[in-house]
>>> print(open('input10.tsv').read())   # TSV, C-alpha atoms (C1' of nucleotides)
chain	number	residue	atom	x	y	z
H	1	MET	CA	2.37	-8.63	-15.58
H	2	PRO	CA	1.90	-11.99	-13.86
H	3	TRP	CA	-1.76	-11.36	-13.04
H	4	ARG	CA	-2.78	-10.86	-16.66
H	5	ILE	CA	-3.62	-13.49	-19.26
H	6	GLY	CA	-2.19	-13.29	-22.75
H	7	PRO	CA	-4.06	-12.13	-25.86
H	8	ALA	CA	-4.11	-15.68	-27.26
H	9	ASP	CA	-5.95	-16.97	-24.19
H	10	ARG	CA	-8.15	-13.89	-24.18
H	11	ALA	CA	-9.09	-14.55	-27.82
H	12	THR	CA	-10.45	-17.98	-26.88
H	13	GLY	CA	-12.87	-16.35	-24.46
H	14	GLN	CA	-10.86	-17.33	-21.40
H	15	ARG	CA	-11.18	-15.04	-18.37
H	16	PRO	CA	-8.48	-14.27	-15.81
H	17	ASP	CA	-8.78	-16.03	-12.43
H	18	PRO	CA	-10.90	-13.76	-10.14
H	19	TYR	CA	-8.67	-14.66	-7.19
H	20	ARG	CA	-5.58	-13.40	-8.98
H	21	VAL	CA	-7.37	-10.30	-10.25
H	22	TRP	CA	-8.58	-9.49	-6.74
H	23	LEU	CA	-5.18	-10.11	-5.14
H	24	SER	CA	-3.36	-7.96	-7.71
H	25	GLU	CA	-5.88	-5.12	-7.48
H	26	VAL	CA	-5.65	-4.97	-3.69
H	27	MET	CA	-1.85	-5.00	-3.85
H	28	LEU	CA	-1.92	-2.27	-6.50
H	29	GLN	CA	-3.94	0.12	-4.33
H	30	GLN	CA	-1.68	3.19	-3.97
H	31	THR	CA	1.26	0.98	-4.92
H	32	THR	CA	3.39	0.73	-8.05
H	33	VAL	CA	3.50	-2.25	-10.39
H	34	ALA	CA	7.23	-2.60	-9.76
H	35	ALA	CA	6.69	-2.93	-6.00
H	36	VAL	CA	3.81	-5.39	-6.36
H	37	ARG	CA	5.27	-7.89	-8.83
H	38	ASP	CA	7.39	-10.00	-6.46
H	39	TYR	CA	4.81	-9.88	-3.66
H	40	PHE	CA	2.18	-11.18	-6.06
H	41	ARG	CA	4.43	-14.05	-7.13
H	42	ARG	CA	5.20	-15.04	-3.54
H	43	PHE	CA	1.54	-14.88	-2.45
H	44	THR	CA	0.25	-16.95	-5.36
H	45	ALA	CA	3.06	-19.51	-4.99
H	46	ARG	CA	2.30	-19.94	-1.28
H	47	TRP	CA	-1.51	-19.60	-1.51
H	48	PRO	CA	-2.66	-20.63	-5.02
H	49	ASP	CA	-6.37	-20.03	-4.43
H	50	VAL	CA	-8.74	-18.20	-2.13
H	51	ALA	CA	-9.40	-21.28	0.03
H	52	ALA	CA	-5.69	-21.69	0.73
H	53	LEU	CA	-5.36	-18.04	1.67
H	54	ALA	CA	-8.44	-18.16	3.87
H	55	ALA	CA	-6.91	-21.08	5.79
H	56	ALA	CA	-3.57	-19.32	6.39
H	57	PRO	CA	-2.62	-18.11	9.89
H	58	ASP	CA	-2.85	-14.33	10.31
H	59	GLU	CA	0.83	-13.98	11.20
H	60	ASP	CA	1.94	-15.76	8.02
H	61	VAL	CA	-0.04	-13.39	5.81
H	62	MET	CA	1.04	-10.28	7.72
H	63	GLY	CA	4.67	-11.42	7.51
H	64	GLU	CA	4.41	-12.02	3.76
H	65	TRP	CA	2.86	-8.57	3.30
H	66	ALA	CA	5.58	-6.83	5.34
H	67	GLY	CA	7.28	-4.06	3.36
H	68	LEU	CA	4.37	-3.46	1.01
H	69	GLY	CA	2.69	-0.91	3.28
H	70	TYR	CA	-0.90	0.02	4.14
H	71	TYR	CA	-1.23	-3.01	6.36
H	72	ALA	CA	-5.01	-2.68	6.73
H	73	ARG	CA	-5.03	-4.12	3.22
H	74	ALA	CA	-3.50	-7.37	4.49
H	75	ARG	CA	-5.91	-7.61	7.41
H	76	ASN	CA	-8.85	-6.99	5.07
H	77	LEU	CA	-7.39	-9.41	2.53
H	78	LEU	CA	-7.73	-12.22	5.04
H	79	LYS	CA	-11.21	-11.10	6.14
H	80	CYS	CA	-12.26	-10.98	2.51
H	81	ALA	CA	-10.83	-14.42	1.64
H	82	ARG	CA	-12.59	-15.95	4.64
H	83	ALA	CA	-15.87	-14.22	3.73
H	84	VAL	CA	-15.64	-15.53	0.15
H	85	VAL	CA	-15.16	-19.06	1.47
H	86	SER	CA	-17.76	-18.95	4.23
H	87	GLN	CA	-20.43	-16.78	2.61
H	88	HIS	CA	-19.93	-17.28	-1.14
H	89	HIS	CA	-18.95	-20.97	-1.41
H	90	GLY	CA	-15.40	-20.02	-2.35
H	91	HIS	CA	-16.39	-17.96	-5.40
H	92	PHE	CA	-16.05	-14.20	-5.72
H	93	PRO	CA	-19.28	-12.29	-6.47
H	94	SER	CA	-19.36	-11.40	-10.17
H	95	THR	CA	-20.99	-7.98	-9.87
H	96	ARG	CA	-19.72	-4.63	-8.70
H	97	GLU	CA	-22.47	-4.45	-6.08
H	98	GLY	CA	-21.73	-7.91	-4.71
H	99	LEU	CA	-17.98	-7.23	-4.56
H	100	LEU	CA	-18.52	-3.90	-2.77
H	101	GLY	CA	-19.84	-5.79	0.26
H	102	LEU	CA	-16.48	-7.46	0.90
H	103	PRO	CA	-13.75	-6.08	3.23
H	104	GLY	CA	-11.06	-4.03	1.52
H	105	ILE	CA	-13.01	-3.75	-1.75
H	106	GLY	CA	-14.11	-0.17	-2.48
H	107	PRO	CA	-15.55	1.50	-5.56
H	108	TYR	CA	-12.38	1.21	-7.66
H	109	THR	CA	-11.50	-2.39	-6.82
H	110	ALA	CA	-15.10	-3.63	-7.15
H	111	ALA	CA	-15.39	-2.10	-10.61
H	112	ALA	CA	-11.97	-3.38	-11.68
H	113	ILE	CA	-12.68	-6.98	-10.65
H	114	ALA	CA	-16.17	-6.92	-12.20
H	115	ALA	CA	-14.81	-5.59	-15.49
H	116	ILE	CA	-11.55	-7.56	-15.74
H	117	ALA	CA	-12.61	-10.92	-14.31
H	118	PHE	CA	-16.34	-10.96	-15.17
H	119	ASP	CA	-16.68	-8.76	-18.27
H	120	GLU	CA	-19.10	-6.36	-16.55
H	121	PRO	CA	-19.25	-2.83	-18.04
H	122	ALA	CA	-18.36	-1.28	-14.67
H	123	VAL	CA	-16.91	2.24	-14.57
H	124	VAL	CA	-13.31	1.81	-13.41
H	125	VAL	CA	-11.84	5.03	-12.02
H	126	ASP	CA	-8.42	5.13	-10.38
H	127	GLY	CA	-5.83	7.88	-10.26
H	128	ASN	CA	-4.76	7.15	-13.82
H	129	VAL	CA	-8.30	7.44	-15.19
H	130	GLU	CA	-8.85	10.64	-13.22
H	131	ARG	CA	-5.72	12.15	-14.76
H	132	VAL	CA	-6.59	11.03	-18.31
H	133	MET	CA	-10.16	12.34	-18.03
H	134	ALA	CA	-9.05	15.65	-16.51
H	135	ARG	CA	-6.71	16.21	-19.45
H	136	LEU	CA	-8.90	14.84	-22.21
H	137	HIS	CA	-11.80	17.07	-21.11
H	138	LEU	CA	-9.77	19.98	-19.68
H	139	VAL	CA	-11.23	19.76	-16.19
H	140	GLU	CA	-9.80	22.66	-14.17
H	141	THR	CA	-11.61	21.80	-10.92
H	142	PRO	CA	-9.05	20.45	-8.43
H	143	LEU	CA	-9.15	16.99	-6.83
H	144	PRO	CA	-10.78	15.75	-4.73
H	145	PRO	CA	-13.80	18.01	-5.48
H	146	ALA	CA	-13.53	17.05	-9.18
H	147	LYS	CA	-13.99	13.36	-8.42
H	148	ALA	CA	-17.71	13.11	-9.25
H	149	GLU	CA	-17.29	15.01	-12.51
H	150	LEU	CA	-14.39	12.78	-13.58
H	151	ILE	CA	-16.40	9.64	-12.81
H	152	ALA	CA	-19.24	10.92	-14.99
H	153	LEU	CA	-16.82	11.61	-17.85
H	154	ALA	CA	-15.30	8.14	-17.47
H	155	ALA	CA	-18.76	6.55	-17.44
H	156	ALA	CA	-19.64	8.22	-20.74
H	157	LEU	CA	-16.64	6.54	-22.40
H	158	THR	CA	-16.93	3.07	-20.86
H	159	PRO	CA	-17.91	0.58	-23.60
H	160	ASP	CA	-20.16	-2.48	-23.30
H	161	HIS	CA	-17.72	-4.46	-25.44
H	162	ARG	CA	-14.56	-5.72	-23.65
H	163	PRO	CA	-14.92	-3.34	-20.68
H	164	GLY	CA	-12.10	-5.09	-18.81
H	165	ASP	CA	-9.61	-4.61	-21.62
H	166	TYR	CA	-10.77	-1.01	-22.02
H	167	ALA	CA	-10.29	-0.29	-18.31
H	168	GLN	CA	-6.80	-1.75	-18.31
H	169	ALA	CA	-5.94	0.11	-21.50
H	170	VAL	CA	-6.88	3.50	-20.04
H	171	MET	CA	-4.96	2.73	-16.85
H	172	ASP	CA	-1.96	1.63	-18.91
H	173	LEU	CA	-2.22	4.84	-20.92
H	174	GLY	CA	-2.10	6.84	-17.69
H	175	ALA	CA	0.74	4.79	-16.26
H	176	THR	CA	3.00	4.90	-19.31
H	177	ILE	CA	2.05	7.83	-21.59
H	178	CYS	CA	-0.33	10.23	-19.86
H	179	THR	CA	1.98	10.35	-16.84
H	180	PRO	CA	1.78	12.92	-14.02
H	181	ARG	CA	4.96	14.66	-15.16
H	182	ASN	CA	6.16	15.09	-18.74
H	183	PRO	CA	3.33	13.24	-20.50
H	184	ALA	CA	4.40	11.68	-23.82
H	185	CYS	CA	1.78	13.43	-25.96
H	186	GLY	CA	3.80	12.74	-29.10
H	187	ILE	CA	2.94	9.03	-28.95
H	188	CYS	CA	-0.49	9.33	-27.30
H	189	PRO	CA	-3.41	7.79	-29.23
H	190	TRP	CA	-5.71	10.40	-27.70
H	191	ALA	CA	-3.52	13.43	-28.47
H	192	GLN	CA	-5.94	14.74	-31.15
H	193	PRO	CA	-9.10	14.88	-29.01
H	194	CYS	CA	-7.19	15.98	-25.87
H	195	ALA	CA	-8.41	19.43	-24.78
H	196	ALA	CA	-5.60	19.97	-22.29
H	197	ARG	CA	-3.04	19.25	-25.00
H	198	ALA	CA	-4.71	21.78	-27.30
H	199	ALA	CA	-4.57	24.38	-24.53
H	200	GLY	CA	-0.99	23.48	-23.62
H	201	VAL	CA	-1.80	22.79	-19.95
H	202	GLN	CA	-1.59	18.99	-19.96
H	203	GLY	CA	1.28	18.97	-17.48
H	204	GLU	CA	-0.71	21.03	-14.96
H	205	LEU	CA	-3.75	18.74	-14.81
H	206	PRO	CA	-5.33	17.40	-12.77
H	207	ARG	CA	-5.06	20.25	-10.30
H	208	LYS	CA	-4.96	19.23	-6.66
H	209	LEU	CA	-5.74	20.97	-3.40
H	210	ALA	CA	-2.72	21.60	-1.20
H	211	LYS	CA	-1.90	18.89	1.34
H	212	ALA	CA	-1.24	19.44	5.02
H	213	ALA	CA	2.40	19.64	6.09
H	214	LYS	CA	3.82	16.60	7.89
H	215	PRO	CA	4.56	17.17	11.60
H	216	LEU	CA	7.61	15.63	13.29
H	217	ARG	CA	7.03	12.90	15.87
H	218	THR	CA	9.68	11.20	17.96
H	219	GLY	CA	9.92	7.94	19.84
H	220	VAL	CA	12.21	5.36	21.41
H	221	ALA	CA	12.48	1.68	20.42
H	222	TYR	CA	14.14	-1.05	22.51
H	223	LEU	CA	15.94	-3.88	20.74
H	224	ALA	CA	16.92	-6.70	23.07
H	225	ARG	CA	18.78	-9.79	21.92
H	226	ARG	CA	18.81	-12.74	24.29
H	227	ALA	CA	21.95	-14.85	24.75
H	228	ASP	CA	20.46	-17.60	22.55
H	229	GLY	CA	19.86	-15.12	19.71
H	230	ALA	CA	16.13	-14.61	20.30
H	231	TRP	CA	14.81	-11.03	19.80
H	232	LEU	CA	12.28	-9.27	22.01
H	233	LEU	CA	9.32	-8.29	19.80
H	234	GLU	CA	5.67	-7.48	20.19
H	235	ARG	CA	2.58	-7.82	18.02
H	236	ARG	CA	1.04	-4.40	17.42
H	237	PRO	CA	-2.70	-4.00	17.96
H	238	ASP	CA	-4.89	-4.55	14.90
H	239	GLN	CA	-6.13	-0.99	14.84
H	240	GLY	CA	-3.96	1.95	13.87
H	241	LEU	CA	-0.50	2.44	12.43
H	242	LEU	CA	1.29	-0.78	11.39
H	243	GLY	CA	-1.69	-2.64	12.86
H	244	GLY	CA	-1.18	-6.38	13.25
H	245	MET	CA	2.52	-6.21	12.44
H	246	LEU	CA	5.55	-7.22	14.47
H	247	GLY	CA	7.54	-4.39	16.05
H	248	TRP	CA	10.03	-3.45	18.72
H	249	PRO	CA	8.68	-2.47	22.15
H	250	GLY	CA	9.02	1.23	22.84
H	251	SER	CA	7.35	4.54	23.46
H	252	ASP	CA	4.40	5.97	21.64
H	253	TRP	CA	5.25	8.16	18.68
H	254	ALA	CA	4.21	11.70	19.53
H	255	ALA	CA	5.51	15.24	19.79
H	256	SER	CA	7.14	14.38	23.14
H	257	PRO	CA	6.41	10.78	24.12
H	258	ALA	CA	6.89	9.20	27.55
H	259	ASP	CA	8.95	6.04	27.47
H	260	GLN	CA	9.61	3.01	29.61
H	261	PRO	CA	12.00	0.10	28.83
H	262	PRO	CA	10.31	-3.30	28.41
H	263	LEU	CA	12.82	-4.89	30.78
H	264	ALA	CA	15.74	-3.93	33.02
H	265	ALA	CA	19.02	-4.16	31.12
H	266	ASP	CA	22.22	-2.33	30.28
H	267	TRP	CA	20.71	-0.36	27.39
H	268	ARG	CA	23.22	1.08	24.92
H	269	ASP	CA	22.65	4.07	22.71
H	270	PRO	CA	23.94	3.23	19.21
H	271	GLY	CA	24.36	6.92	18.44
H	272	ALA	CA	22.22	6.63	15.34
H	273	GLU	CA	18.48	7.13	15.06
H	274	VAL	CA	16.01	5.84	12.53
H	275	ARG	CA	14.43	8.45	10.30
H	276	HIS	CA	11.28	7.38	8.55
H	277	THR	CA	8.43	9.23	6.85
H	278	PHE	CA	4.89	7.91	6.95
H	279	THR	CA	1.97	9.26	4.93
H	280	HIS	CA	1.11	11.95	7.46
H	281	PHE	CA	4.18	12.50	9.69
H	282	HIS	CA	7.98	12.31	9.92
H	283	LEU	CA	9.41	10.06	12.63
H	284	HIS	CA	12.74	10.30	14.43
H	285	LEU	CA	13.13	7.06	16.34
H	286	ALA	CA	15.89	6.82	18.97
H	287	LEU	CA	17.20	3.31	19.66
H	288	ARG	CA	18.28	1.48	22.80
H	289	ILE	CA	20.05	-1.83	22.33
H	290	ALA	CA	20.92	-4.55	24.85
H	291	GLU	CA	22.13	-8.13	25.13
H	292	VAL	CA	20.21	-9.90	27.88
H	293	PRO	CA	20.57	-13.26	29.69
H	294	LEU	CA	18.52	-16.39	29.04
H	295	ASP	CA	16.39	-15.80	32.13
H	296	ALA	CA	15.40	-12.25	31.18
H	297	ALA	CA	11.72	-11.66	31.98
H	298	PRO	CA	10.24	-8.86	29.85
H	299	GLU	CA	7.27	-6.79	31.01
H	300	ARG	CA	6.23	-6.34	27.39
H	301	GLY	CA	6.46	-8.46	24.27
H	302	PHE	CA	7.90	-11.93	23.76
H	303	PHE	CA	11.21	-13.44	22.70
H	304	LEU	CA	11.06	-14.77	19.15
H	305	PRO	CA	13.66	-17.54	18.60
H	306	SER	CA	16.23	-16.68	15.95
H	307	ALA	CA	15.16	-19.69	13.89
H	308	ASP	CA	11.66	-18.17	13.59
H	309	PHE	CA	12.78	-14.57	13.07
H	310	ARG	CA	12.86	-13.19	9.55
H	311	PRO	CA	13.71	-9.47	9.27
H	312	SER	CA	11.68	-9.43	6.05
H	313	ALA	CA	8.55	-9.96	8.17
H	314	LEU	CA	9.06	-6.54	9.81
H	315	PRO	CA	7.55	-3.31	8.52
H	316	THR	CA	10.23	-1.07	7.04
H	317	VAL	CA	10.70	1.28	9.99
H	318	MET	CA	11.25	-1.71	12.28
H	319	ARG	CA	13.64	-3.33	9.83
H	320	LYS	CA	15.70	-0.11	9.68
H	321	ALA	CA	16.07	-0.29	13.47
H	322	TYR	CA	17.06	-3.94	13.26
H	323	ASP	CA	19.74	-3.18	10.66
H	324	ILE	CA	21.35	-0.65	13.02
H	325	ALA	CA	21.19	-2.99	16.04
H	326	ARG	CA	22.66	-5.91	14.14
H	327	SER	CA	25.53	-3.75	12.94
H	328	ILE	CA	26.72	-2.97	16.48
H	329	LEU	CA	26.00	-6.27	18.28
M	330	DT	C1'	-15.91	14.15	5.27
M	331	DA	C1'	-11.42	14.95	6.06
M	332	DG	C1'	-7.84	12.45	8.12
M	333	DA	C1'	-5.49	7.99	8.91
M	334	DC	C1'	-2.97	4.76	6.72
M	335	DG	C1'	3.39	2.79	4.05
M	336	DT	C1'	6.68	2.47	0.90
M	337	DG	C1'	10.37	3.17	-2.54
M	338	DG	C1'	11.36	5.53	-6.79
M	339	DA	C1'	11.56	9.73	-9.61
M	340	DG	C1'	12.84	14.42	-10.32
Z	341	DT	C1'	17.81	16.11	1.08
Z	342	DC	C1'	13.13	16.78	-0.02
Z	343	DT	C1'	8.64	16.69	-2.15
Z	344	DC	C1'	5.54	14.24	-4.76
Z	345	DC	C1'	3.34	10.43	-5.61
Z	346	DA	C1'	1.04	4.99	-7.30
Z	347	DA	C1'	-4.14	0.73	-10.11
Z	348	DG	C1'	-7.81	3.47	-2.58
Z	349	DT	C1'	-10.33	2.11	1.59
Z	350	DC	C1'	-12.11	2.88	6.01
Z	351	DT	C1'	-13.99	5.64	9.58
>>> encode(input="input10.tsv", output="structure tokens")
Amino acid sequence: MPWRIGPADRATGQRPDPYRVWLSEVMLQQTTVAAVRDYFRRFTARWPDVAALAAAPDEDVMGEWAGLGYYARARNLLKCARAVVSQHHGHFPSTREGLLGLPGIGPYTAAAIAAIAFDEPAVVVDGNVERVMARLHLVETPLPPAKAELIALAAALTPDHRPGDYAQAVMDLGATICTPRNPACGICPWAQPCAARAAGVQGELPRKLAKAAKPLRTGVAYLARRADGAWLLERRPDQGLLGGMLGWPGSDWAASPADQPPLAADWRDPGAEVRHTFTHFHLHLALRIAEVPLDAAPERGFFLPSADFRPSALPTVMRKAYDIARSIL
DNA sequence: TAGACGTGGAG
DNA sequence: TCTCCAAGTCT
């Protein structure tokens, strides 16, 4: 993984760059390694250190993050980079407690950075560690109530020697061997002491409380292309869903939203809607598409010139709408 | 403290 | 097609 240093460098006492550790850990929050890899490469190529990132315009960072999800992470990433520069002389705090004070850094990320970048024996507990501990110690209590117990069990195993390598090793074990489904107990180095394995319930742990069903919300989005190729977009407010990202003007997303076009035009119905599922609801988004003249004066949003418009800077639901509009215009 | 907050891949 | 979920944080 591009954010790790090799064993040869590690053997010389070299530490990984705290900036790269921080960036990778934030990207990896609730996100798979496969999804993060290319984003990490693009971010570090464009912004090689925390000072460069802190100096970047908001819209550049949000656009580079587009598609990775949980956009509050990108907003907090910038806040954090700027705080490190302005309040910590451009250096990340080296302790769990110091890191916890920064935006977007919670208990897991603070411990991970402290252990991996600064060799602090912090207790690193993510979903992988929770799963490994629940199985190793046969914890039947469901998550999230079991959280405190699992942290205590993880703390009892955390070594003072090479805590960063230990933390990554347990997370790697969870990601590759002690997986949620069909764990590979036959090649697991902890198969012998594993209580869940002995009881034959390893595939059922950790237990989890049932989640709420996702309601259906609907909405309408308006995609207007001006005669010169510019698209009518708007910047979404910083708070809430897709906060700070570009999007198409349209209705709210609700059980039965009211809607109002952003400008007068001959709106066409493409006959296809966008279906998208967020963490807590399903969305059916109807589309209205129009070609408008150069002097069109929108009541909402702004025309982004085609030379400045990259579909990759849109969140996925907005890019799905764009793909449909482009196919019929 | 429980709910808000994205996405793409696996089964 | 559908559910689950992945290296969580914020409010």
>>> closest_atom_pairs(input="input10.tsv", of="chain H", to="chain Z", cutoff="8 Å", atoms="all atoms listed in the file", output="tab-separated table")
residue	atom	partner	partner_atom	distance
H:Glu25	CA	Z:DA347	C1'	6.6
H:Leu28	CA	Z:DA347	C1'	5.2
H:Gln29	CA	Z:DG348	C1'	5.4
H:Gln30	CA	Z:DA346	C1'	4.7
H:Thr31	CA	Z:DA346	C1'	4.7
H:Thr32	CA	Z:DA346	C1'	4.9
H:Gly104	CA	Z:DT349	C1'	6.2
H:Ile105	CA	Z:DT349	C1'	7.3
H:Gly106	CA	Z:DT349	C1'	6.0
H:Tyr108	CA	Z:DG348	C1'	7.2
H:Asp126	CA	Z:DA347	C1'	6.1
H:Gly127	CA	Z:DA347	C1'	7.3
H:Asn128	CA	Z:DA347	C1'	7.4
H:Met171	CA	Z:DA347	C1'	7.1
>>> residues_near_point(input="input10.tsv", point="(-2.6, 18.4, -4.5)", cutoff="9 Å", atoms="all atoms listed in the file", output="ChimeraX atom specification")
/H:142-144,206-211
>>> write_last_selection(input="input10.tsv", atoms="C-alpha atoms", output="PDB file, keeping the file's coordinate frame")
ATOM      1  CA  PRO H 142      -9.050  20.450  -8.430  1.00  0.00           C
ATOM      2  CA  LEU H 143      -9.150  16.990  -6.830  1.00  0.00           C
ATOM      3  CA  PRO H 144     -10.780  15.750  -4.730  1.00  0.00           C
ATOM      4  CA  PRO H 206      -5.330  17.400 -12.770  1.00  0.00           C
ATOM      5  CA  ARG H 207      -5.060  20.250 -10.300  1.00  0.00           C
ATOM      6  CA  LYS H 208      -4.960  19.230  -6.660  1.00  0.00           C
ATOM      7  CA  LEU H 209      -5.740  20.970  -3.400  1.00  0.00           C
ATOM      8  CA  ALA H 210      -2.720  21.600  -1.200  1.00  0.00           C
ATOM      9  CA  LYS H 211      -1.900  18.890   1.340  1.00  0.00           C
TER      10      LYS H 211
END
>>> residues_around(input="input10.tsv", residues="segment 330-339 of chain M", least_positions_apart="6", cutoff="10 Å", atoms="only C-alpha atoms (C1' of nucleotides)", output="count of residues only")
30
>>> closest_residue(input="input10.tsv", among="H:Phe43, H:Phe303, H:Phe281, H:Phe92", to="chain M", atoms="all atoms listed in the file")
H:Phe281
>>> atom_distance(input="input10.tsv", atom1="atom CA of Leu285 of chain H", atom2="atom CA of Pro215 of chain H")
14.1 Å
>>> residues_around(input="input10.tsv", residues="Ser306 of chain H", least_positions_apart="3", cutoff="8 Å", atoms="all atoms listed in the file", output="ChimeraX atom specification")
/H:228-231,309
>>> closest_residue(input="input10.tsv", among="H:Cys194, H:Val170, H:Cys188, H:Val33", to="chain M", atoms="all atoms listed in the file")
H:Val33
>>> closest_residue(input="input10.tsv", among="H:Val124, H:Ala51, H:Ala307, H:Ala212", to="chain M", atoms="only C-alpha atoms (C1' of nucleotides)")
H:Ala212
>>> atom_distance(input="input10.tsv", atom1="atom CA of Arg225 of chain H", atom2="atom CA of Trp267 of chain H")
11.1 Å
>>> atom_distance(input="input10.tsv", atom1="atom CA of Ala155 of chain H", atom2="atom CA of Pro93 of chain H")
21.8 Å
>>> residues_around(input="input10.tsv", residues="Ala56 of chain H", least_positions_apart="2", cutoff="10 Å", atoms="only C-alpha atoms (C1' of nucleotides)", output="ChimeraX atom specification")
/H:46-47,51-54,58-61,78,81-82
>>> axis_aligned_box(input="input10.tsv", around="segment 345-351 of chain Z", padding_each_side="6 Å", output="lines of an AutoDock Vina configuration file")
center_x = -5.3
center_y = 5.6
center_z = -0.3
size_x = 29.3
size_y = 21.7
size_z = 31.7
>>> closest_residue(input="input10.tsv", among="H:Gln239, H:Ser94, H:Ser251, H:Ser86", to="chain M", atoms="all atoms listed in the file")
H:Gln239
>>> residues_around(input="input10.tsv", residues="segment 258-263 of chain H", least_positions_apart="5", cutoff="9 Å", atoms="only C-alpha atoms (C1' of nucleotides)", output="JSON list (two decimals) with C-alpha atoms, in the frame of the given file")
[["chain", "number", "residue", "atom", "x", "y", "z"],
["H", 219, "GLY", "CA", 9.92, 7.94, 19.84],
["H", 220, "VAL", "CA", 12.21, 5.36, 21.41],
["H", 221, "ALA", "CA", 12.48, 1.68, 20.42],
["H", 222, "TYR", "CA", 14.14, -1.05, 22.51],
["H", 224, "ALA", "CA", 16.92, -6.70, 23.07],
["H", 232, "LEU", "CA", 12.28, -9.27, 22.01],
["H", 249, "PRO", "CA", 8.68, -2.47, 22.15],
["H", 250, "GLY", "CA", 9.02, 1.23, 22.84],
["H", 251, "SER", "CA", 7.35, 4.54, 23.46],
["H", 252, "ASP", "CA", 4.40, 5.97, 21.64],
["H", 288, "ARG", "CA", 18.28, 1.48, 22.80],
["H", 296, "ALA", "CA", 15.40, -12.25, 31.18],
["H", 297, "ALA", "CA", 11.72, -11.66, 31.98],
["H", 298, "PRO", "CA", 10.24, -8.86, 29.85],
["H", 299, "GLU", "CA", 7.27, -6.79, 31.01],
["H", 300, "ARG", "CA", 6.23, -6.34, 27.39],
["H", 301, "GLY", "CA", 6.46, -8.46, 24.27]]
